[in-house]
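Trainee: One structure, pasted below without further comment.
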Amino acid sequence: WRGSRIAVGVLVLVLLAGGAGGVIGAYVERNGGVSDVRLPQTAAGPAGEGGERPKGSIAGIARQTLPGVVTLHARGGGAEATGTGFVLDRRGHILTNNHVVESAKGGDGVRVTFNGGQTATGEVIGSDSGYDLAVVKVSGVSGLTPLPLGNSDAVRVGDPVIAFGAPFDLDGTVTTGIVSATERPITAGGEEPGSELSYVDALQTDAPINPGNSGGPLVDSRGRVVGVNSAIKGAGGDSGLPDGEGGGSGSVGLGFAIPVNQARRVAEELINEGRATHPVIGVSLDTEYEGEGARIGGAGGHGPAVVRDGPADKAGLEEGDVITKVGGKLVTSGEELIVRIRSHRPGEKLELTVRRGGSDGEQRTVRLTLGSATG
């Protein structure tokens with residue numbers, strides 16, 4: 001019996017040793033040894049770990065642009081909004097959308113947060129709801145970084161662009177895409193009582209734009225501002241102004257920006273005069289007209305069909321005439337006519353194609369000089 005017990009003990013010991021050996025072997029096979037695990041890592045890239053990226057890269061453009069981008073919080077009259085703006089000059093002028101700061105007009109001002117975390121209170125010194133643009137001014141802030149303004153007339157479909165902003169109040173957000181269309185006529189806003197529609201001959205982009213991006217810069221591959229992010233098209237909805245409360249639809253790849261050439265002119269007028277001028281042809285339009293083009297006067301018109309001694313009157317236009325083209329570009333509705341007209345400056349000469357005498361009437365081209373109106 002004693003010998004049997006010894007034999008059994010030896011067997012148990014061998015099994016235990018074998019089991020331990022199997023566990024150790026499996027560990028070694030998985031981990032390469034019994035020391036602490038060290039995971040492999042690739043070498044740092046050409047710029048070095050944490051180093052600067054090339055100036056023309058997306059990261060490089062973001063680095064040079066973000067110091068000039070601000071987040072805006074406006075509150076007043078029971079409403080509040082969050083949006084974006086960007087620095088125009090070292091005197092403290094900041095450009096944004098009117099709908100971002102509309103609630104702050106005549107109130108306690110706008111809270112401006114810079115990329116580095118510095119805050120200041122800004123005052124709305126000029127705004128225009130028709131263009132959906134506003135200028136906010138901050139004082140006593142040093143080290144401002146104005147962003148360079150590009151030329152939106154030189155933008156082409158397919159050009160890469162970068163959008164900056166604070167979507168859903170996430171400041172310093174950068175998204176990329178391309179210009180997916182130019183001269184896209186859109187109308188937005190006007191849903192609230194007393195609010196005005198904005199008319200934009202917009203740059204369309206698939207760079208993601210969401211509520212809070214409004215008023216932020218859309219820049220090109222050289223870091224120049226080519227547009228002001230202003231509107232989005234949600235799934236199943238019309239083009240709309242992204243509100244600042246996180247409501248509404250998110251990005252579906254259809255964002256719209258005010259071309260910087262138009263924004264620059266309006267910003268200069270808002271800074272210098274406190275208000276902006278609109279180009280006009282001096283007619284009222286039939287809002288109930290359902291044919292192609294824009295009909296002058298009619299049942300849906302407001303005010304005189306043709307303003308006496310206005311640009312249209314001097315060009316020989318009459319009530320019932322239908323404007324079908326502006327500068328050679330087709331016009332499908334009254335709203336689109338306004339968009340096309342507003343993409344120009346007061347005082348510019350413009351060609352209109354006009355049809356008289358019904359759908360089969362003769363078309364002719366007239367040339368007029370755009371008038372000017374405010375508000």
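Residue names in the structure tokens use chain letters A, B, ... in the order shown, residue numbers from 1 in each chain, and ligand numbers from 1 in the order shown.
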Just asking: which residues within segment 263-375 of chain A are strand (DSSP E) according to DSSP, as a PyMOL selection string?

Mentor: chain A and resi 277-280+294-295+322-326+329-330+349-356+362-369+371-374

Trainee: Thr277 of chain A: which residues within 8 Å, counting only C-alpha atoms, same-chain residues fewer than 6 positions away excluded, as a list of chain:residue names?

Mentor: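 Near Thr277 of chain A, the qualifying residues are A:Val266, A:Glu269, A:Pro346, A:Ser372, A:Ala373, A:Thr374, A:Gly375.
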
Trainee: Suppose you want the space between atom CA of Leu66 of chain A and atom CA of Val260 of chain A; what is it in Å?

Mentor: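 Going from atom CA of Leu66 of chain A over to atom CA of Val260 of chain A, I get 17.9 Å.
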
Trainee: How close does segment 260-286 of chain A get to segment 124-145 of chain A? List, as CSV, each residue of segment 260-286 of chain A within 9 Å, its nearest atom pair and the distance in Å to one decimal, counting only C-alpha atoms.

Mentor:
residue,atom,partner,partner_atom,distance
A:Gln262,CA,A:Tyr131,CA,8.8
A:Ala263,CA,A:Leu133,CA,7.3
A:Val266,CA,A:Leu133,CA,7.6
A:Ala267,CA,A:Val135,CA,6.6
A:Glu269,CA,A:Gly126,CA,8.6
A:Leu270,CA,A:Gly126,CA,4.8
A:Ile271,CA,A:Gly126,CA,6.6
A:Glu273,CA,A:Gly126,CA,8.1
A:Gly274,CA,A:Gly126,CA,4.6
A:Arg275,CA,A:Gly126,CA,5.8
A:Ala276,CA,A:Asp128,CA,6.5
A:His278,CA,A:Gly130,CA,8.5

Trainee: Could you give me, as a ChimeraX atom specification, the residues within 12 Å of Asp159 of chain A, counting only C-alpha atoms and dropping anything in the same chain fewer than 3 positions from it?

Mentor: /A:152,154-156,162,176-182,203-207,218-222,226

Trainee: Suppose we keep N, CA, C and O atoms; can you now write the selection as a tab-separated table (two decimals), in the first residue's frame?

Mentor:
chain	number	residue	atom	x	y	z
A	152	SER	N	-14.48	84.33	-54.77
A	152	SER	CA	-15.46	83.27	-55.01
A	152	SER	C	-15.80	83.12	-56.49
A	152	SER	O	-16.27	82.05	-56.91
A	154	ALA	N	-13.71	82.77	-58.73
A	154	ALA	CA	-12.70	81.84	-59.27
A	154	ALA	C	-12.93	80.40	-58.82
A	154	ALA	O	-12.20	79.50	-59.26
A	155	VAL	N	-13.93	80.17	-57.97
A	155	VAL	CA	-14.20	78.82	-57.46
A	155	VAL	C	-14.85	77.99	-58.56
A	155	VAL	O	-15.71	78.47	-59.30
A	156	ARG	N	-14.45	76.73	-58.64
A	156	ARG	CA	-15.00	75.82	-59.64
A	156	ARG	C	-15.52	74.56	-58.96
A	156	ARG	O	-15.03	74.16	-57.89
A	162	ILE	N	-12.65	73.51	-47.04
A	162	ILE	CA	-12.65	73.13	-45.62
A	162	ILE	C	-13.61	74.06	-44.88
A	162	ILE	O	-13.55	75.28	-45.05
A	176	THR	N	-14.13	68.59	-44.15
A	176	THR	CA	-13.63	68.81	-45.50
A	176	THR	C	-14.59	68.25	-46.54
A	176	THR	O	-15.42	67.39	-46.25
A	177	GLY	N	-14.46	68.74	-47.75
A	177	GLY	CA	-15.26	68.26	-48.87
A	177	GLY	C	-14.86	68.98	-50.12
A	177	GLY	O	-13.72	69.47	-50.25
A	178	ILE	N	-15.79	69.08	-51.05
A	178	ILE	CA	-15.54	69.80	-52.29
A	178	ILE	C	-16.67	70.78	-52.55
A	178	ILE	O	-17.72	70.73	-51.89
A	179	VAL	N	-16.46	71.67	-53.49
A	179	VAL	CA	-17.55	72.49	-53.99
A	179	VAL	C	-18.35	71.63	-54.95
A	179	VAL	O	-17.83	71.19	-55.98
A	180	SER	N	-19.59	71.33	-54.60
A	180	SER	CA	-20.39	70.43	-55.42
A	180	SER	C	-21.28	71.16	-56.42
A	180	SER	O	-21.84	70.54	-57.32
A	181	ALA	N	-21.41	72.49	-56.28
A	181	ALA	CA	-22.13	73.30	-57.26
A	181	ALA	C	-21.83	74.76	-56.96
A	181	ALA	O	-21.50	75.13	-55.82
A	182	THR	N	-21.94	75.59	-57.97
A	182	THR	CA	-21.82	77.04	-57.78
A	182	THR	C	-23.09	77.71	-58.31
A	182	THR	O	-23.88	77.10	-59.03
A	203	LEU	N	-22.65	78.94	-52.97
A	203	LEU	CA	-21.74	77.84	-53.22
A	203	LEU	C	-22.29	76.63	-52.49
A	203	LEU	O	-22.62	76.72	-51.30
A	204	GLN	N	-22.42	75.51	-53.18
A	204	GLN	CA	-22.90	74.28	-52.54
A	204	GLN	C	-21.70	73.41	-52.23
A	204	GLN	O	-20.77	73.29	-53.03
A	205	THR	N	-21.69	72.78	-51.05
A	205	THR	CA	-20.57	71.94	-50.65
A	205	THR	C	-21.06	70.68	-49.95
A	205	THR	O	-22.12	70.69	-49.33
A	206	ASP	N	-20.25	69.61	-50.07
A	206	ASP	CA	-20.57	68.40	-49.31
A	206	ASP	C	-19.75	68.31	-48.03
A	206	ASP	O	-19.83	67.32	-47.31
A	207	ALA	N	-18.95	69.34	-47.73
A	207	ALA	CA	-18.29	69.39	-46.42
A	207	ALA	C	-19.37	69.46	-45.35
A	207	ALA	O	-20.25	70.32	-45.42
A	218	LEU	N	-15.76	79.09	-45.04
A	218	LEU	CA	-15.47	78.00	-45.95
A	218	LEU	C	-14.23	78.43	-46.72
A	218	LEU	O	-14.24	79.45	-47.41
A	219	VAL	N	-13.13	77.69	-46.56
A	219	VAL	CA	-11.86	78.13	-47.13
A	219	VAL	C	-11.40	77.17	-48.22
A	219	VAL	O	-11.79	76.00	-48.25
A	220	ASP	N	-10.55	77.70	-49.11
A	220	ASP	CA	-10.05	76.88	-50.22
A	220	ASP	C	-8.75	76.20	-49.83
A	220	ASP	O	-8.32	76.25	-48.67
A	221	SER	N	-8.11	75.56	-50.80
A	221	SER	CA	-6.91	74.76	-50.52
A	221	SER	C	-5.69	75.62	-50.19
A	221	SER	O	-4.63	75.08	-49.85
A	222	ARG	N	-5.84	76.93	-50.27
A	222	ARG	CA	-4.75	77.83	-49.89
A	222	ARG	C	-5.10	78.62	-48.63
A	222	ARG	O	-4.41	79.58	-48.28
A	226	VAL	N	-13.60	81.57	-49.06
A	226	VAL	CA	-14.36	81.71	-50.31
A	226	VAL	C	-15.86	81.77	-50.06
A	226	VAL	O	-16.62	82.08	-50.98

Trainee: Given only C-alpha atoms as the basis, pick out the residue of A:Asn213, A:Thr175, A:Thr287, A:Thr65 nearest to Pro160 of chain A.

Mentor: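 Between A:Asn213, A:Thr175, A:Thr287, A:Thr65, the residue approaching Pro160 of chain A most closely is A:Thr175.
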
Trainee: Considering only C-alpha atoms, state which residue in the set A:Leu72, A:Val307, A:Leu170, A:Leu147 is at the smallest distance from Gly122 of chain A.

Mentor: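 Nearest candidate to Gly122 of chain A out of A:Leu72, A:Val307, A:Leu170, A:Leu147: A:Leu72.
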
Trainee: Env of Thr324 of chain A: 8 Å cut, atoms = only C-alpha atoms, seq-sep filter 5 positions within chain, self excluded. Answer as a list in words.

Mentor: Glu292, Gly293, Ala294, Leu330, Val331, Thr332, Leu352, Thr353, Val354 and Arg355 of chain A

Trainee: Selected residues, N, CA and C atoms, written as a compact mmCIF listing (two decimals), in the first residue's frame, please.

Mentor:
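Saved file result01.txt follows:
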# COMPACT_ATOMS: atom_id res chain seq x y z
N GLU A 292 -42.96 79.34 -66.15
CA GLU A 292 -41.50 79.51 -66.12
C GLU A 292 -41.16 80.99 -66.18
N GLY A 293 -40.24 81.40 -65.33
CA GLY A 293 -39.83 82.79 -65.30
C GLY A 293 -40.50 83.54 -64.17
N ALA A 294 -40.34 84.88 -64.19
CA ALA A 294 -40.90 85.74 -63.16
C ALA A 294 -41.75 86.81 -63.83
N LEU A 330 -30.91 81.18 -66.97
CA LEU A 330 -32.34 80.96 -66.88
C LEU A 330 -32.88 81.33 -65.50
N VAL A 331 -34.10 81.84 -65.51
CA VAL A 331 -34.82 82.15 -64.29
C VAL A 331 -36.11 81.34 -64.30
N THR A 332 -36.35 80.57 -63.25
CA THR A 332 -37.52 79.70 -63.22
C THR A 332 -38.64 80.22 -62.33
N LEU A 352 -31.37 91.52 -69.29
CA LEU A 352 -32.51 90.67 -68.96
C LEU A 352 -33.15 90.21 -70.27
N THR A 353 -33.55 88.94 -70.28
CA THR A 353 -34.35 88.42 -71.39
C THR A 353 -35.81 88.43 -70.96
N VAL A 354 -36.64 89.06 -71.76
CA VAL A 354 -38.03 89.32 -71.36
C VAL A 354 -38.97 88.80 -72.45
N ARG A 355 -40.06 88.16 -72.02
CA ARG A 355 -41.09 87.68 -72.94
C ARG A 355 -42.37 88.49 -72.72

Trainee: Quick one: residues within 6 Å of Val70 of chain A, only C-alpha atoms counted, chain neighbours fewer than 6 positions away excluded, as a PyMOL selection string?

Mentor: chain A and resi 84-86+113-114

Trainee: Please save N, CA, C and O atoms of the selected residues as a short mmCIF file (atom, residue, chain, number, x, y, z; two decimals), in the first residue's frame.

Mentor:
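Now in again-v1.cif:
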data_model
loop_
_atom_site.label_atom_id
_atom_site.label_comp_id
_atom_site.auth_asym_id
_atom_site.auth_seq_id
_atom_site.Cartn_x
_atom_site.Cartn_y
_atom_site.Cartn_z
N THR A 84 -21.03 80.64 -35.43
CA THR A 84 -19.60 80.84 -35.68
C THR A 84 -19.40 82.17 -36.39
O THR A 84 -20.33 82.71 -36.99
N GLY A 85 -18.21 82.69 -36.32
CA GLY A 85 -17.83 83.89 -37.06
C GLY A 85 -16.34 83.83 -37.34
O GLY A 85 -15.64 82.92 -36.89
N PHE A 86 -15.85 84.81 -38.08
CA PHE A 86 -14.40 84.85 -38.32
C PHE A 86 -13.94 86.30 -38.37
O PHE A 86 -14.69 87.21 -38.74
N THR A 113 -16.09 83.75 -28.19
CA THR A 113 -15.04 82.89 -27.65
C THR A 113 -14.03 82.60 -28.76
O THR A 113 -14.39 82.07 -29.82
N PHE A 114 -12.78 82.95 -28.51
CA PHE A 114 -11.73 82.72 -29.49
C PHE A 114 -11.17 81.32 -29.36
O PHE A 114 -11.39 80.63 -28.36
#

Trainee: Please indicate the distance in Å from atom CA of Ala163 of chain A to atom CA of Asn229 of chain A, rounded to one decimal place.

Mentor: 7.5 Å

Trainee: Just how far from atom CA of Thr369 of chain A is atom CA of Glu351 of chain A, in Å to one decimal?

Mentor: 8.9 Å

Trainee: Point out the residue among A:Phe164, A:Thr121, A:Asp108, A:Ile323 with the least atom-to-atom distance to Ile58 of chain A, counting only C-alpha atoms.

Mentor: A:Phe164

Trainee: Just list as an MDAnalysis selection string whatever in segment 109-229 of chain A DSSP marks as helix (DSSP H, G or I).

Mentor: chainID A and resid 152:154 167:169

Trainee: Let me make sure I understand: among A:Arg340, A:Arg75, A:Arg264, A:Arg224, which one has the smallest atom-to-atom distance to Ala202 of chain A if we use only C-alpha atoms?

Mentor: A:Arg340

Trainee: Near Arg342 of chain A, within 8 Å and counting only C-alpha atoms, which residues show up once chain neighbours fewer than 3 positions away are dropped, as a PDB file with C-alpha atoms, in the first residue's frame?

Mentor:
ATOM      1  CA  TYR A 199     -31.732  85.123 -50.994  1.00  0.00           C
ATOM      2  CA  VAL A 200     -28.375  83.547 -51.816  1.00  0.00           C
ATOM      3  CA  ASP A 201     -26.682  82.607 -55.083  1.00  0.00           C
ATOM      4  CA  HIS A 278     -29.628  95.812 -52.294  1.00  0.00           C
ATOM      5  CA  PRO A 279     -29.613  95.984 -56.092  1.00  0.00           C
ATOM      6  CA  VAL A 280     -33.133  96.387 -57.510  1.00  0.00           C
ATOM      7  CA  ILE A 338     -34.351  88.016 -56.766  1.00  0.00           C
ATOM      8  CA  VAL A 339     -31.417  85.691 -56.043  1.00  0.00           C
ATOM      9  CA  ARG A 345     -24.005  95.235 -57.118  1.00  0.00           C
TER      10      ARG A 345
END

Trainee: Which residues are close to Gly76 of chain A, i.e. within 12 Å by only C-alpha atoms, leaving aside same-chain residues fewer than 5 positions away? Reply as a ChimeraX atom specification.

Mentor: /A:81,100-111

Trainee: Those residues you just picked out, can you put them in a file as a PDB file, in the first residue's frame with all heavy atoms?

Mentor:
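See part_7.pdb below for the written result:
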ATOM      1  N   ALA A  81     -28.935  81.609 -29.446  1.00  0.00           N
ATOM      2  CA  ALA A  81     -28.380  80.894 -30.590  1.00  0.00           C
ATOM      3  C   ALA A  81     -26.881  80.758 -30.431  1.00  0.00           C
ATOM      4  O   ALA A  81     -26.226  81.593 -29.804  1.00  0.00           O
ATOM      5  CB  ALA A  81     -28.707  81.616 -31.889  1.00  0.00           C
ATOM      6  N   VAL A 100     -27.609  84.182 -36.645  1.00  0.00           N
ATOM      7  CA  VAL A 100     -26.866  83.759 -35.453  1.00  0.00           C
ATOM      8  C   VAL A 100     -27.008  84.787 -34.338  1.00  0.00           C
ATOM      9  O   VAL A 100     -27.164  84.436 -33.160  1.00  0.00           O
ATOM     10  CB  VAL A 100     -25.380  83.533 -35.796  1.00  0.00           C
ATOM     11  CG1 VAL A 100     -24.547  83.331 -34.524  1.00  0.00           C
ATOM     12  CG2 VAL A 100     -25.218  82.334 -36.713  1.00  0.00           C
ATOM     13  N   VAL A 101     -26.972  86.081 -34.690  1.00  0.00           N
ATOM     14  CA  VAL A 101     -26.920  87.132 -33.661  1.00  0.00           C
ATOM     15  C   VAL A 101     -28.205  87.955 -33.590  1.00  0.00           C
ATOM     16  O   VAL A 101     -28.273  88.935 -32.861  1.00  0.00           O
ATOM     17  CB  VAL A 101     -25.725  88.073 -33.924  1.00  0.00           C
ATOM     18  CG1 VAL A 101     -24.417  87.301 -33.806  1.00  0.00           C
ATOM     19  CG2 VAL A 101     -25.827  88.741 -35.293  1.00  0.00           C
ATOM     20  N   GLU A 102     -29.226  87.552 -34.337  1.00  0.00           N
ATOM     21  CA  GLU A 102     -30.456  88.347 -34.400  1.00  0.00           C
ATOM     22  C   GLU A 102     -31.070  88.573 -33.024  1.00  0.00           C
ATOM     23  O   GLU A 102     -31.587  89.648 -32.725  1.00  0.00           O
ATOM     24  CB  GLU A 102     -31.463  87.663 -35.321  1.00  0.00           C
ATOM     25  CG  GLU A 102     -32.630  88.534 -35.713  1.00  0.00           C
ATOM     26  CD  GLU A 102     -33.397  87.964 -36.883  1.00  0.00           C
ATOM     27  OE1 GLU A 102     -33.290  86.751 -37.146  1.00  0.00           O
ATOM     28  OE2 GLU A 102     -34.115  88.734 -37.533  1.00  0.00           O
ATOM     29  N   SER A 103     -31.002  87.575 -32.166  1.00  0.00           N
ATOM     30  CA  SER A 103     -31.623  87.703 -30.846  1.00  0.00           C
ATOM     31  C   SER A 103     -30.887  88.688 -29.949  1.00  0.00           C
ATOM     32  O   SER A 103     -31.444  89.147 -28.947  1.00  0.00           O
ATOM     33  CB  SER A 103     -31.682  86.330 -30.156  1.00  0.00           C
ATOM     34  OG  SER A 103     -30.377  85.813 -29.946  1.00  0.00           O
ATOM     35  N   ALA A 104     -29.638  89.029 -30.285  1.00  0.00           N
ATOM     36  CA  ALA A 104     -28.833  89.894 -29.423  1.00  0.00           C
ATOM     37  C   ALA A 104     -28.938  91.372 -29.796  1.00  0.00           C
ATOM     38  O   ALA A 104     -28.373  92.217 -29.102  1.00  0.00           O
ATOM     39  CB  ALA A 104     -27.369  89.467 -29.474  1.00  0.00           C
ATOM     40  N   LYS A 105     -29.618  91.703 -30.880  1.00  0.00           N
ATOM     41  CA  LYS A 105     -29.691  93.102 -31.305  1.00  0.00           C
ATOM     42  C   LYS A 105     -30.392  93.939 -30.249  1.00  0.00           C
ATOM     43  O   LYS A 105     -31.501  93.652 -29.841  1.00  0.00           O
ATOM     44  CB  LYS A 105     -30.438  93.212 -32.637  1.00  0.00           C
ATOM     45  CG  LYS A 105     -29.703  92.552 -33.797  1.00  0.00           C
ATOM     46  CD  LYS A 105     -30.552  92.563 -35.050  1.00  0.00           C
ATOM     47  CE  LYS A 105     -29.898  91.739 -36.144  1.00  0.00           C
ATOM     48  NZ  LYS A 105     -30.750  91.624 -37.352  1.00  0.00           N
ATOM     49  N   GLY A 106     -29.709  94.982 -29.804  1.00  0.00           N
ATOM     50  CA  GLY A 106     -30.279  95.846 -28.784  1.00  0.00           C
ATOM     51  C   GLY A 106     -30.276  95.234 -27.400  1.00  0.00           C
ATOM     52  O   GLY A 106     -30.842  95.800 -26.474  1.00  0.00           O
ATOM     53  N   GLY A 107     -29.633  94.081 -27.246  1.00  0.00           N
ATOM     54  CA  GLY A 107     -29.599  93.408 -25.949  1.00  0.00           C
ATOM     55  C   GLY A 107     -28.262  93.555 -25.255  1.00  0.00           C
ATOM     56  O   GLY A 107     -27.618  94.610 -25.308  1.00  0.00           O
ATOM     57  N   ASP A 108     -27.851  92.487 -24.613  1.00  0.00           N
ATOM     58  CA  ASP A 108     -26.627  92.525 -23.817  1.00  0.00           C
ATOM     59  C   ASP A 108     -25.376  92.195 -24.621  1.00  0.00           C
ATOM     60  O   ASP A 108     -24.304  92.007 -24.056  1.00  0.00           O
ATOM     61  CB  ASP A 108     -26.745  91.535 -22.650  1.00  0.00           C
ATOM     62  CG  ASP A 108     -27.871  91.907 -21.699  1.00  0.00           C
ATOM     63  OD1 ASP A 108     -28.154  93.113 -21.595  1.00  0.00           O
ATOM     64  OD2 ASP A 108     -28.455  90.995 -21.096  1.00  0.00           O
ATOM     65  N   GLY A 109     -25.491  92.116 -25.914  1.00  0.00           N
ATOM     66  CA  GLY A 109     -24.321  91.815 -26.725  1.00  0.00           C
ATOM     67  C   GLY A 109     -24.178  90.331 -26.987  1.00  0.00           C
ATOM     68  O   GLY A 109     -25.038  89.514 -26.637  1.00  0.00           O
ATOM     69  N   VAL A 110     -23.067  90.001 -27.606  1.00  0.00           N
ATOM     70  CA  VAL A 110     -22.781  88.637 -28.026  1.00  0.00           C
ATOM     71  C   VAL A 110     -21.517  88.162 -27.324  1.00  0.00           C
ATOM     72  O   VAL A 110     -20.504  88.877 -27.298  1.00  0.00           O
ATOM     73  CB  VAL A 110     -22.581  88.577 -29.558  1.00  0.00           C
ATOM     74  CG1 VAL A 110     -22.313  87.155 -30.001  1.00  0.00           C
ATOM     75  CG2 VAL A 110     -23.790  89.154 -30.280  1.00  0.00           C
ATOM     76  N   ARG A 111     -21.568  86.969 -26.759  1.00  0.00           N
ATOM     77  CA  ARG A 111     -20.354  86.408 -26.145  1.00  0.00           C
ATOM     78  C   ARG A 111     -19.516  85.773 -27.245  1.00  0.00           C
ATOM     79  O   ARG A 111     -19.969  84.887 -27.964  1.00  0.00           O
ATOM     80  CB  ARG A 111     -20.705  85.382 -25.065  1.00  0.00           C
ATOM     81  CG  ARG A 111     -19.465  84.797 -24.362  1.00  0.00           C
ATOM     82  CD  ARG A 111     -19.830  84.204 -23.011  1.00  0.00           C
ATOM     83  NE  ARG A 111     -20.808  83.149 -23.130  1.00  0.00           N
ATOM     84  CZ  ARG A 111     -20.493  81.857 -23.294  1.00  0.00           C
ATOM     85  NH1 ARG A 111     -19.226  81.484 -23.357  1.00  0.00           N
ATOM     86  NH2 ARG A 111     -21.440  80.940 -23.361  1.00  0.00           N
TER      87      ARG A 111
END
